[in-house]
Structure formats: structure tokens, C-alpha cells
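K.L.:
A single structure is presented below for examination.
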There are 2 protein chains.
Amino acid sequence: MKVIEGGITAPKGFMAAGVYAGIKKEKKDMALIYSETSCMAAGTFTRNVVKAAPVEWDMDIVYNKSEANAIICNSGIANACTGTIGLDYCKDSAKYLAEKLNINEDTVLVASTGVIGQQLPMDKIKKGIDLLIPELNDSRRAGSLAAEAIMTTDTEAKEIAVTFDLDGVEVTIGGMCKGSGMIHPDMCTMLGFLTTDAAITKEMLQEALSENIKDTYNMVSVDGDTSTNDTVLLMANGLAGNSLIHQKNESYKAFLAALNIVNTWLCKKIAGDGEGATALFEVKILGAETKAAAVSLAKSVVTSSLTKAAIFGHDANWGRILCAMGYAGTAFDPEKVDLYFESAAGKLKIIEDGVATGYSEAEATRILSEPEVTAIADVKMGNMEATAWGCDLTYDYVKINADYRS
Amino acid sequence: MKVIEGGITAPKGFMAAGVYAGIKKEKKDMALIYSETSCMAAGTFTRNVVKAAPVEWDMDIVYNKSEANAIICNSGIANACTGTIGLDYCKDSAKYLAEKLNINEDTVLVASTGVIGQQLPMDKIKKGIDLLIPELNDSRRAGSLAAEAIMTTDTEAKEIAVTFDLDGVEVTIGGMCKGSGMIHPDMCTMLGFLTTDAAITKEMLQEALSENIKDTYNMVSVDGDTSTNDTVLLMANGLAGNSLIHQKNESYKAFLAALNIVNTWLCKKIAGDGEGATALFEVKILGAETKAAAVSLAKSVVTSSLTKAAIFGHDANWGRILCAMGYAGTAFDPEKVDLYFESAAGKLKIIEDGVATGYSEAEATRILSEPEVTAIADVKMGNMEATAWGCDLTYDYVKINADYRS
């Protein structure tokens, strides 16, 4: 398993492009991913009752259709709360692109992020498609341009690729994502697009994504708000030439492990680049009785506003962490908990069996002043673990989200 | 039913005092409530797994003992995460006070808020008790001093009293509370102390408090963090001379209605005085199928960081409200929702059947610029309602909670 340069164009047969179509004020706002070879497609979608039109469009393709060839994404208008017109516009976008690429419109996945409640400017979307198609190519640069074009208030593009060996052939998974951001302050949305040249059945592809999402994307929280548009799509075109993965064998496990590396890396990038964030905040729960308990404890800490504000202040405020664990809705004995803070600057035991150790506040502050900090709580009840990722709560978070839409 | 001047000393037979005992740096830090006549006591307590020692002490008295005479409270040290020593200190405090007042230590309720993980400075607590006892009296001023002494970062004392008629006799309920605040930024805690001269059985008193808490204290959220110390105590000494309320009759209903006025008023004060808040944010859900659905929708909106930041920005960001309703875990049809904003400046329909009305942004901003703003969402599925209270998310919230403990 090896992390390589590049992103979604790293796997064989995937092309991409990213352009400015005039939907946003100045930045690139449309991205296209395309595989001439038809792909198996898997997806996971927001569980918000309010689902954006492209989420409904994609769910239909992923759950009811057999193949996919392209993903078209705009990062200016979310196309959420737009009724049947919004859904019609998804179809129109897919149809327009499909005609140009000579593929079926049912193989075009659609994604979007941005302002909600507004209808897509279809003239600009079509113009964007016209601009994207001549730019399509499989270079690393093309992947990067696409990664850039899906950004909203993200401060950096997020892309990664890994290669690994299956039956003696090299298989690649590439990915890109955007995190919590917006154009006008309307909606934070997480979008993840993954490509692979692995040969794998649609069923196993969905199984791998659904399984891995629980430990990765679902463990990220920037502000506890679940968007109407959250989408992760994974396309596999089979061009690597490995024996088809059709059951949960060793090859499936290797694929899942590679997928986990890609998704974990992308999730940490999303969390660390949360709106206004100055630090990635990682929370590890050890020694839980069940996986569900570990997950709920980790998420409760990583979403606690008081804890997030303390991380911003580089303050070893262990009381807030114990408190957040306490209201997670999971039973544990506070008087058995060990808690550590860890970062590139070192690791420090803060409480042992629920009681503060004689730790140095200065040392704790030094550890918490790094751009990536981890809190590790061992509840000593079993051997299940979970890790969640978030970020600190800062003045800038409030600023970004309080400004008037303009 | 009439709201009158005063607080916990308004009902017959209740005395109070508030003093500075040197636990905090300068402000009053100890309060005492006392009724010579033994009281029925009811209580509701934090559901956090991590419970502070005084919460455990009080639960024992409320659930297992028959009567109570006093509440002793300090607002400097939370006495949470302090193990068996912390519990011993509760007993020591109760015992010391009980001896001075010639009552049984099992009738002394104990409460605290402040820094967690530190042991109580028992010398100062005892000195505080010595100072409190000579100050005890039933004046309005004494009640106000007690209300002041339980404050942490609250910007104002919170007290109220109401009178109402039962069987031709005047009955009074008084209350005071503190909201989200801290000494060193360690823990926000909600403490509520209620007194009444109503004659009511312990069972009916607890029933009334437990029933009303669901619509009042449990609907308040400043930052989604549930403290280890949250406590509401209600003492009834029977001195009003009404016929004993021993079942859910008309008198019980009148008592519950008066209790609801007191608690609703206190809760709105807590929410509006949340850390760093510039506005009380009220969320009303109408037309829900079940009470539980209405509650979960209201709470999801009132705790949404994105929505809270928009309220700070006086921004009619209805997308965030629909989004927060969407992830509440309750089914509804987004395309049926009507949404209004309301304040002293007027009422405006923002969306109808899920689609934006042609409302004026300037008018919406004017309405949202008041110190108390309400969002009303009608999901048109039934006739159940719920109201939740919170506040906006501001720079000052981050500032208060990010500063180093000093």
C-alpha cells in the first residue's frame, strides 16, 4: 500500500476537468469526472430529511441503475429546497452532458453545494459543461483543477491517491473532497468523490463504501449541522485488471484497507479545514464495551462547543471532556477513566481513574498548541475503539457564519 | 394568577441570605434558603453520567428522605469529579449548617457550580455558613442577595414570584436561577431553586416539577453541553393554608400553571443571558404529529450552531432552520413547512409550503434585530406543539470559553 501523488485521475481511465462558469463570483465553480469505460457506482448520502435534488437524483442512479460514467458538480448553488423544478434541472444537466459525451443520461451523477433555495442558472451550467468537455484529460493537473472547482470556503484543495497490489496487478484508488464551507453563508456541505480502477461488483463496492463510511465520514463533525447535500460517490471502472472482487475475500479486505486510508486522510483534511478552524481535533475512545458506545462517546466530545472552544484556547480543560462523555447517553464509570492529550509535541496523561494527575499545565498547553491535537480517553470496560475528527471553535467560525448574506 | 415583586422569599416562611465567603475572587459566592417549617422537597437532576457530589447528595434526600429545611449553595467550586472526598464534603457542609440551625443534616440540600475537579475549601464554606446565618431573613432584599450569590458569569440575577388563589387562600411560588456561566471557564451549570407555601404532598410536588420541567428547563439550550451539576429544587412548606393537594385535581392544575409561569420566565432569562448572547432565540414548532416530534424539531433548531450564528448576524437564513429540522431524526415533509420570524418588531412569513415567499430581507433583518426573536415552523401534520429557548452564537461565547483558566 503506497500513497502516491495525485487524486481522482490517478486510477486508470479517469479524466477530469475544473473550470469557472460564472456561477460564483470569481473562483472555479464546476468540476467533471469522466470514465469512458462504464463504472460500478456506490454512494452514501445525507440522512437529512431535507434532501437536495441532486441527492435524490444520485440515489436513484446508485440504487436503481446499473452503471455510471460521469459526475458533474457545481459549487455555487446547492439546488436544495427547490422542489420538482430542482429535480428537473438535475435531469437537464445530466442530459446536456450525456449528449455531448455520447453516453446515457442515467449514467451521469450530479452533485452540488452552495446557496440553498435558489434554482440552478441552467444557462451557466450548460456553458460550464461546454467549457469542461474540451478540458477533460487524465493528467494529475486535471484532477487538481477538479478538486479546486468543488471548493467553497475550503482553504485548500483536498486530494489523495493510493496504490496497492491485488493478484500481482497494481490497483489505484483516488479521491477528492470538500468540507465545510459556503459561498453565501447558507450551508456547509461535505462532498467526496472517489475513483478506482479496481474490478469489483456493484454490491461489493457499495458494501465497502457503506462499511468504511461509518469509521470515516460519519465520524467527522465541524459544527454538528448535517447538510442537505452531503454525498460520497465511489466509481470503479475495472481497468486495473485484477480478478473481479465479488465476495468478502482477501482482495476485498485489501481494497477496504486502501479505501480506509483514502477516506481517513480526506476526513482529517475536512475536519482540520473546518470553517474558521485553527486546529484538527481528534478524539479517540479506547476500552469501550461496544463499538456503538465508543462512537457515541467520541462524537459527543468532538461536537461539544465548550470542548472545542477550550481547544482553540490550548486549554487542557479535561472537565469539559468528561462532561461531554457523560451526556453521550452511554454508561461508563467516570472514576475509571484515563485521559491523555497527544500531538506532535508529545503525549501527556491528564487524568487517571477519573482524578487529575499532577500534570504540568504548561506542558499540556504546549501539546495543545499544535495544529493537530488528540484527546484519548480509555474507559476500561472492553476493547472497542472509535476515532472522531473535528476542529476547534473560533472567532472566525462565528464571523463566517454570522455575516449577512450579500 | 399574578406576577409579583420578589423571588424565593415571597412565599410565607422562607428566609434567605447571600454573602461573600472568599471562594470567588470578589463576588458573592454563597447562598442559603431556609424554612423553619419543614418542607416537602422535589428535585430534578442532570442526566449526565458524570454527576457532581452535591447532585448525588440531593438525589438521596429528594428520593429517600421525607423532608427538607434548607438549601446551601456555593458558586465558586462545582465539587464535580471529586470522588468520595467530594461527597464527604457535602455531608460536612450539611452537618455544619444543620448544627447551627438546630435541624437534621438530612434536611439540608446542597448545590454548587464553578470549577470542576477541585475539592471544596471547607474552611471557607464553614466561614460562609457562619456569615449567612445571621443574615437570614424573609425580606425581598434577602431573596435578591441569594439570587445574586448563585450567579457565575450571569450578567443579571434572575428571580420571580407569582401568587394565585387556591380555595380562597393566596398561594405563592417564588423562584431564582442561574444560567450558563462559570468562574474559570470550566463548566456551565443551570441551577434553579423554587419555594412555595402551598400545601401539597411530596408525591404531587415531584409530579408537578417533573411534568413541568419537560416544557421548561429541558427545552433550554445555550450550547448543547449538559452540566454535571444541573439541579432544580422545589420546596413547599404548606404555610399558605390551602387544602392539601394530594391528587391531580383543579388545585393541582392551578399549582402546575403557576409553576409553569415561574419556570418559563426563568428559562427565558437563562437562555437570553447565555454566555456571550446578544439575543434570546425562541423556536416554536406547530402542527407536529406527536409531542416528542415537536420537541426534537424545536431542540434541533435551537442548538444548531449555524442557525445560532445567523441569529447573531440578524440573518433570515431559513435554509439553516429547515436543514436543522431535517436532521432532527423526525419525519416531516419539507414541502409542507411554513416558517415565520417574529419579534417585538413584527411577524413575517418567510417560507410557505417549503418555498420562500417574496419576503423583504430588510424587513426580516429588522425583525431579527430585536433582543428576543422567535422562529415559528408549522409542519402541518397534527396539533402538537413545543417551544425551545436558546441564544445566538457570538464572538463573546468563543472568547469566554477559549480563555486559559487562570
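Residue names in the C-alpha cells use chain letters A, B, ... in the order shown, residue numbers from 1 in each chain, and ligand numbers from 1 in the order shown.
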Report as a list in words the set of chain B residues whose atoms approach chain A to within 6 Å, with distances computed over only C-alpha atoms.

P.N.:
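The contacting residues on chain B are Asn48, Val49, Val50, Ala309, Ala310, Phe312, Gly313, Asp315, Gly326, Tyr327, Tyr395, Val398, Asn401, Ala402, Asp403 and Tyr404 of chain B.
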
K.L.:
Which polymer residues have any atom within 8 Å of an atom of A:Ile350, counting only C-alpha atoms, with same-chain residues fewer than 3 positions away left out, as a list in words?

P.N.:
Trp318, Asp338, Leu339, Tyr340, Phe341, Ala356, Thr357, Gly358 and Tyr359 of chain A

K.L.:
Limited to N, CA and C atoms, could you put the picked residues into a file as a PDB file, in the first residue's frame?

P.N.:
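For reference, result_8.pdb as written:
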```pdb
ATOM      1  N   TRP A 318      -9.968  19.228  30.942  1.00  0.00           N
ATOM      2  CA  TRP A 318     -10.444  17.840  30.941  1.00  0.00           C
ATOM      3  C   TRP A 318     -11.857  17.706  31.497  1.00  0.00           C
ATOM      4  N   ASP A 338      -9.162   7.070  32.134  1.00  0.00           N
ATOM      5  CA  ASP A 338      -7.849   7.694  31.926  1.00  0.00           C
ATOM      6  C   ASP A 338      -7.972   8.607  30.710  1.00  0.00           C
ATOM      7  N   LEU A 339      -7.345   9.777  30.796  1.00  0.00           N
ATOM      8  CA  LEU A 339      -7.415  10.711  29.670  1.00  0.00           C
ATOM      9  C   LEU A 339      -6.024  11.240  29.339  1.00  0.00           C
ATOM     10  N   TYR A 340      -5.718  11.252  28.036  1.00  0.00           N
ATOM     11  CA  TYR A 340      -4.433  11.756  27.563  1.00  0.00           C
ATOM     12  C   TYR A 340      -4.651  12.846  26.527  1.00  0.00           C
ATOM     13  N   PHE A 341      -3.719  13.797  26.445  1.00  0.00           N
ATOM     14  CA  PHE A 341      -3.637  14.679  25.282  1.00  0.00           C
ATOM     15  C   PHE A 341      -2.362  14.329  24.529  1.00  0.00           C
ATOM     16  N   ALA A 356      -7.388  13.959  38.410  1.00  0.00           N
ATOM     17  CA  ALA A 356      -6.299  14.661  37.743  1.00  0.00           C
ATOM     18  C   ALA A 356      -4.942  14.145  38.232  1.00  0.00           C
ATOM     19  N   THR A 357      -4.052  13.867  37.279  1.00  0.00           N
ATOM     20  CA  THR A 357      -2.668  13.533  37.644  1.00  0.00           C
ATOM     21  C   THR A 357      -1.995  14.859  37.973  1.00  0.00           C
ATOM     22  N   GLY A 358      -0.802  14.810  38.456  1.00  0.00           N
ATOM     23  CA  GLY A 358      -0.105  16.069  38.761  1.00  0.00           C
ATOM     24  C   GLY A 358       0.558  16.646  37.522  1.00  0.00           C
ATOM     25  N   TYR A 359      -0.185  16.662  36.397  1.00  0.00           N
ATOM     26  CA  TYR A 359       0.411  17.097  35.130  1.00  0.00           C
ATOM     27  C   TYR A 359       0.716  18.590  35.148  1.00  0.00           C
TER      28      TYR A 359
END
```

K.L.:
Hey, can you check how far atom CA of A:Tyr252 sits from atom CA of A:Ala199?

P.N.:
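Computed distance, atom CA of A:Tyr252 to atom CA of A:Ala199, equals 10.4 Å.
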
K.L.:
Could you tell me which of A:Leu145, A:Met59, A:Met219, A:Ala375 comes closest to A:Lys158 if we count only C-alpha atoms?

P.N.:
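Closest to A:Lys158 of all the choices is A:Leu145.
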
K.L.:
Please return as JSON, numbers by chain: the residues of stretch 157-328 of chain B that backbone DSSP assigns to helix (DSSP H, G or I).

P.N.:
{"B": [202, 203, 204, 205, 206, 207, 208, 209, 210, 211, 212, 213, 217, 218, 219, 250, 251, 252, 253, 254, 255, 256, 257, 258, 259, 260, 261, 262, 263, 264, 265, 266, 267, 268, 269, 270, 271, 272, 291, 292, 293, 294, 295, 296, 297, 298, 299, 300, 301, 302, 305, 306, 307, 308, 309, 310, 311, 312, 318, 319, 320, 321, 322, 323, 324, 325, 326]}

K.L.:
Can you pull out every residue within 12 Å of A:His246, counting only C-alpha atoms, but drop anything in the same chain fewer than 2 positions away, and send it as a list in words?

P.N.:
Ala198, Ala199, Ile200, Thr201, Lys202, Glu203, Met204, Leu205, Gln206, Glu207, Ala208, Asn242, Ser243, Leu244, Lys248, Asn249, Glu250, Ser251, Tyr252, Lys253 and Phe255 of chain A

K.L.:
Take the residues from that selection and put them in a file with C-alpha atoms, as a compact mmCIF listing (two decimals), in the first residue's frame.

P.N.:
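Here's the written file again_21.txt:
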```txt
# COMPACT_ATOMS: atom_id res chain seq x y z
CA ALA A 198 -10.36 -1.96 -9.31
CA ALA A 199 -12.59 -4.64 -10.79
CA ILE A 200 -15.31 -5.12 -8.21
CA THR A 201 -19.02 -5.89 -8.29
CA LYS A 202 -21.50 -3.13 -7.59
CA GLU A 203 -22.65 -4.99 -4.49
CA MET A 204 -19.15 -5.31 -3.01
CA LEU A 205 -18.33 -1.71 -3.96
CA GLN A 206 -21.37 -0.40 -2.08
CA GLU A 207 -20.64 -2.74 0.82
CA ALA A 208 -17.06 -1.44 1.12
CA ASN A 242 -7.49 -7.67 -11.11
CA SER A 243 -9.78 -10.67 -10.70
CA LEU A 244 -13.24 -9.33 -10.05
CA LYS A 248 -15.56 -10.61 1.04
CA ASN A 249 -12.24 -12.31 0.35
CA GLU A 250 -8.65 -11.17 0.91
CA SER A 251 -8.83 -8.87 -2.14
CA TYR A 252 -11.94 -7.22 -0.70
CA LYS A 253 -10.10 -6.66 2.58
CA PHE A 255 -9.48 -2.86 -1.18
```

K.L.:
Just how far from atom CA of B:Thr37 is atom CA of B:Ser66, in Å to one decimal?

P.N.:
13.2 Å

K.L.:
If you count only C-alpha atoms, which residues fall within 9 Å of B:Gly382, apart from same-chain ones fewer than 4 positions away, as a list in words?

P.N.:
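Residues meeting the cut-off are Leu286, Gly287, Ala288, Glu289 and Thr290 of chain B.
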
K.L.:
Please, what distance in Å, to one decimal, runs between atom CA of B:Lys100 and atom CA of B:Gly143?

P.N.:
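Result for atom CA of B:Lys100 versus atom CA of B:Gly143: 20.4 Å, one decimal.
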
K.L.:
Set the distance at 9 Å and use only C-alpha atoms: which residues neighbour stretch 384-388 of chain B once local chain neighbours fewer than 2 positions away are removed? I'd like the list as a VMD selection string.

P.N.:
chain B and resid 215 to 216 218 to 221 281 to 299 301 to 302 381 to 382 390

K.L.:
Could those selected residues go to a file with C-alpha atoms, as a PDB file, in the first residue's frame?

P.N.:
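The result, written out as selection_1.pdb:
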```pdb
ATOM      1  CA  ASP B 215     -41.651  22.033  28.859  1.00  0.00           C
ATOM      2  CA  THR B 216     -39.297  24.449  30.588  1.00  0.00           C
ATOM      3  CA  ASN B 218     -35.364  20.700  29.416  1.00  0.00           C
ATOM      4  CA  MET B 219     -36.195  23.000  26.487  1.00  0.00           C
ATOM      5  CA  VAL B 220     -33.347  25.405  27.199  1.00  0.00           C
ATOM      6  CA  SER B 221     -30.027  25.080  25.424  1.00  0.00           C
ATOM      7  CA  PHE B 281     -33.755  32.818  20.416  1.00  0.00           C
ATOM      8  CA  GLU B 282     -37.117  31.081  20.774  1.00  0.00           C
ATOM      9  CA  VAL B 283     -38.155  28.246  18.463  1.00  0.00           C
ATOM     10  CA  LYS B 284     -41.784  27.152  18.231  1.00  0.00           C
ATOM     11  CA  ILE B 285     -42.820  24.054  16.347  1.00  0.00           C
ATOM     12  CA  LEU B 286     -46.508  23.860  15.465  1.00  0.00           C
ATOM     13  CA  GLY B 287     -48.567  21.129  13.835  1.00  0.00           C
ATOM     14  CA  ALA B 288     -46.415  18.170  14.828  1.00  0.00           C
ATOM     15  CA  GLU B 289     -47.866  14.673  14.948  1.00  0.00           C
ATOM     16  CA  THR B 290     -46.540  13.950  18.439  1.00  0.00           C
ATOM     17  CA  LYS B 291     -45.148  15.947  21.326  1.00  0.00           C
ATOM     18  CA  ALA B 292     -41.843  14.067  21.006  1.00  0.00           C
ATOM     19  CA  ALA B 293     -41.556  15.083  17.348  1.00  0.00           C
ATOM     20  CA  ALA B 294     -42.268  18.728  18.186  1.00  0.00           C
ATOM     21  CA  VAL B 295     -39.651  18.661  20.965  1.00  0.00           C
ATOM     22  CA  SER B 296     -36.957  17.087  18.820  1.00  0.00           C
ATOM     23  CA  LEU B 297     -37.548  19.518  15.936  1.00  0.00           C
ATOM     24  CA  ALA B 298     -37.512  22.564  18.248  1.00  0.00           C
ATOM     25  CA  LYS B 299     -34.359  21.441  20.042  1.00  0.00           C
ATOM     26  CA  VAL B 301     -33.083  24.162  15.527  1.00  0.00           C
ATOM     27  CA  VAL B 302     -32.296  25.925  18.799  1.00  0.00           C
ATOM     28  CA  MET B 381     -49.043  17.101  10.364  1.00  0.00           C
ATOM     29  CA  GLY B 382     -51.063  17.303  13.572  1.00  0.00           C
ATOM     30  CA  GLY B 390     -31.618  29.305  23.267  1.00  0.00           C
TER      31      GLY B 390
END
```

K.L.:
Find the spatial neighbours of A:Ala146, counting only C-alpha atoms, within a cut-off of 6 Å - ignore same-chain residues fewer than 5 positions away - and output them as an NGL selection string.

P.N.:
:A and (17-18 or 31)

K.L.:
I'd like the contact shell of B:Ile85 - 10 Å cut-off, only C-alpha atoms, skipping same-chain residues fewer than 5 positions apart - returned as a PyMOL selection string.

P.N.:
chain B and resi 53+79+90-91+119-120

K.L.:
Between A:Ala277, A:Leu136, A:Ala68, A:Glu159, which has the minimum distance to A:Ile103 (counting only C-alpha atoms)?

P.N.:
A:Ala68

K.L.:
Give the strand (DSSP E or B) residues of stretch 207-370 of chain A, as DSSP finds them on the backbone, and put them as number ranges by chain.

P.N.:
A: 220, 231-236, 245, 280-288, 338-343, 346-352, 355-356

K.L.:
Residues as selected, N, CA and C atoms, written as a CSV table (one decimal), in the first residue's frame, can you do that?

P.N.:
```csv
chain,number,residue,atom,x,y,z
A,220,VAL,N,-16.8,12.6,11.3
A,220,VAL,CA,-16.4,14.0,11.1
A,220,VAL,C,-17.5,14.9,11.6
A,231,THR,N,-22.8,14.1,0.2
A,231,THR,CA,-22.7,13.0,-0.7
A,231,THR,C,-21.3,12.4,-0.8
A,232,VAL,N,-21.2,11.1,-0.8
A,232,VAL,CA,-19.9,10.5,-1.2
A,232,VAL,C,-20.2,9.5,-2.3
A,233,LEU,N,-19.5,9.7,-3.4
A,233,LEU,CA,-19.7,8.8,-4.6
A,233,LEU,C,-18.4,8.0,-4.9
A,234,LEU,N,-18.5,6.8,-5.2
A,234,LEU,CA,-17.3,6.0,-5.5
A,234,LEU,C,-17.5,5.2,-6.8
A,235,MET,N,-16.7,5.5,-7.8
A,235,MET,CA,-16.8,4.8,-9.1
A,235,MET,C,-15.7,3.9,-9.4
A,236,ALA,N,-16.0,2.7,-9.9
A,236,ALA,CA,-14.9,1.7,-10.2
A,236,ALA,C,-15.1,1.2,-11.6
A,245,ILE,N,-13.6,-8.6,-7.8
A,245,ILE,CA,-13.9,-8.9,-6.3
A,245,ILE,C,-15.4,-9.0,-6.2
A,280,LEU,N,-6.9,20.7,13.9
A,280,LEU,CA,-7.6,19.5,13.8
A,280,LEU,C,-7.8,18.9,15.2
A,281,PHE,N,-8.9,18.5,15.6
A,281,PHE,CA,-9.2,18.0,16.9
A,281,PHE,C,-9.6,16.5,16.8
A,282,GLU,N,-8.8,15.6,17.2
A,282,GLU,CA,-9.1,14.2,17.1
A,282,GLU,C,-9.4,13.6,18.4
A,283,VAL,N,-10.5,12.8,18.5
A,283,VAL,CA,-10.9,12.2,19.8
A,283,VAL,C,-10.9,10.7,19.6
A,284,LYS,N,-10.1,10.0,20.4
A,284,LYS,CA,-10.1,8.5,20.4
A,284,LYS,C,-10.7,8.0,21.7
A,285,ILE,N,-11.6,7.1,21.6
A,285,ILE,CA,-12.2,6.4,22.7
A,285,ILE,C,-11.6,5.0,22.7
A,286,LEU,N,-11.0,4.6,23.8
A,286,LEU,CA,-10.5,3.2,23.9
A,286,LEU,C,-11.3,2.5,25.0
A,287,GLY,N,-11.2,1.1,24.9
A,287,GLY,CA,-11.7,0.3,26.0
A,287,GLY,C,-13.3,0.4,26.2
A,288,ALA,N,-14.0,0.7,25.1
A,288,ALA,CA,-15.4,0.7,25.2
A,288,ALA,C,-16.0,-0.7,25.1
A,338,ASP,N,-9.2,7.1,32.1
A,338,ASP,CA,-7.8,7.7,31.9
A,338,ASP,C,-8.0,8.6,30.7
A,339,LEU,N,-7.3,9.8,30.8
A,339,LEU,CA,-7.4,10.7,29.7
A,339,LEU,C,-6.0,11.2,29.3
A,340,TYR,N,-5.7,11.3,28.0
A,340,TYR,CA,-4.4,11.8,27.6
A,340,TYR,C,-4.7,12.8,26.5
A,341,PHE,N,-3.7,13.8,26.4
A,341,PHE,CA,-3.6,14.7,25.3
A,341,PHE,C,-2.4,14.3,24.5
A,342,GLU,N,-2.5,14.3,23.2
A,342,GLU,CA,-1.3,14.0,22.4
A,342,GLU,C,-1.2,14.8,21.1
A,343,SER,N,0.0,15.2,20.8
A,343,SER,CA,0.2,15.9,19.5
A,343,SER,C,1.6,15.7,19.1
A,346,GLY,N,4.2,15.8,21.9
A,346,GLY,CA,4.3,14.8,23.0
A,346,GLY,C,2.9,14.3,23.4
A,347,LYS,N,3.0,13.5,24.4
A,347,LYS,CA,1.8,12.8,25.0
A,347,LYS,C,1.8,13.0,26.5
A,348,LEU,N,0.6,13.3,27.1
A,348,LEU,CA,0.6,13.6,28.5
A,348,LEU,C,-0.7,13.0,29.1
A,349,LYS,N,-0.5,12.2,30.2
A,349,LYS,CA,-1.7,11.7,30.9
A,349,LYS,C,-2.2,12.8,31.8
A,350,ILE,N,-3.5,13.1,31.6
A,350,ILE,CA,-4.1,14.2,32.3
A,350,ILE,C,-4.9,13.8,33.5
A,351,ILE,N,-5.7,12.7,33.3
A,351,ILE,CA,-6.4,12.1,34.5
A,351,ILE,C,-6.2,10.6,34.5
A,352,GLU,N,-6.2,10.1,35.6
A,352,GLU,CA,-6.1,8.6,35.8
A,352,GLU,C,-7.1,8.2,36.8
A,355,VAL,N,-9.3,11.0,38.2
A,355,VAL,CA,-8.7,12.0,39.0
A,355,VAL,C,-7.5,12.6,38.3
A,356,ALA,N,-7.4,14.0,38.4
A,356,ALA,CA,-6.3,14.7,37.7
A,356,ALA,C,-4.9,14.1,38.2
```
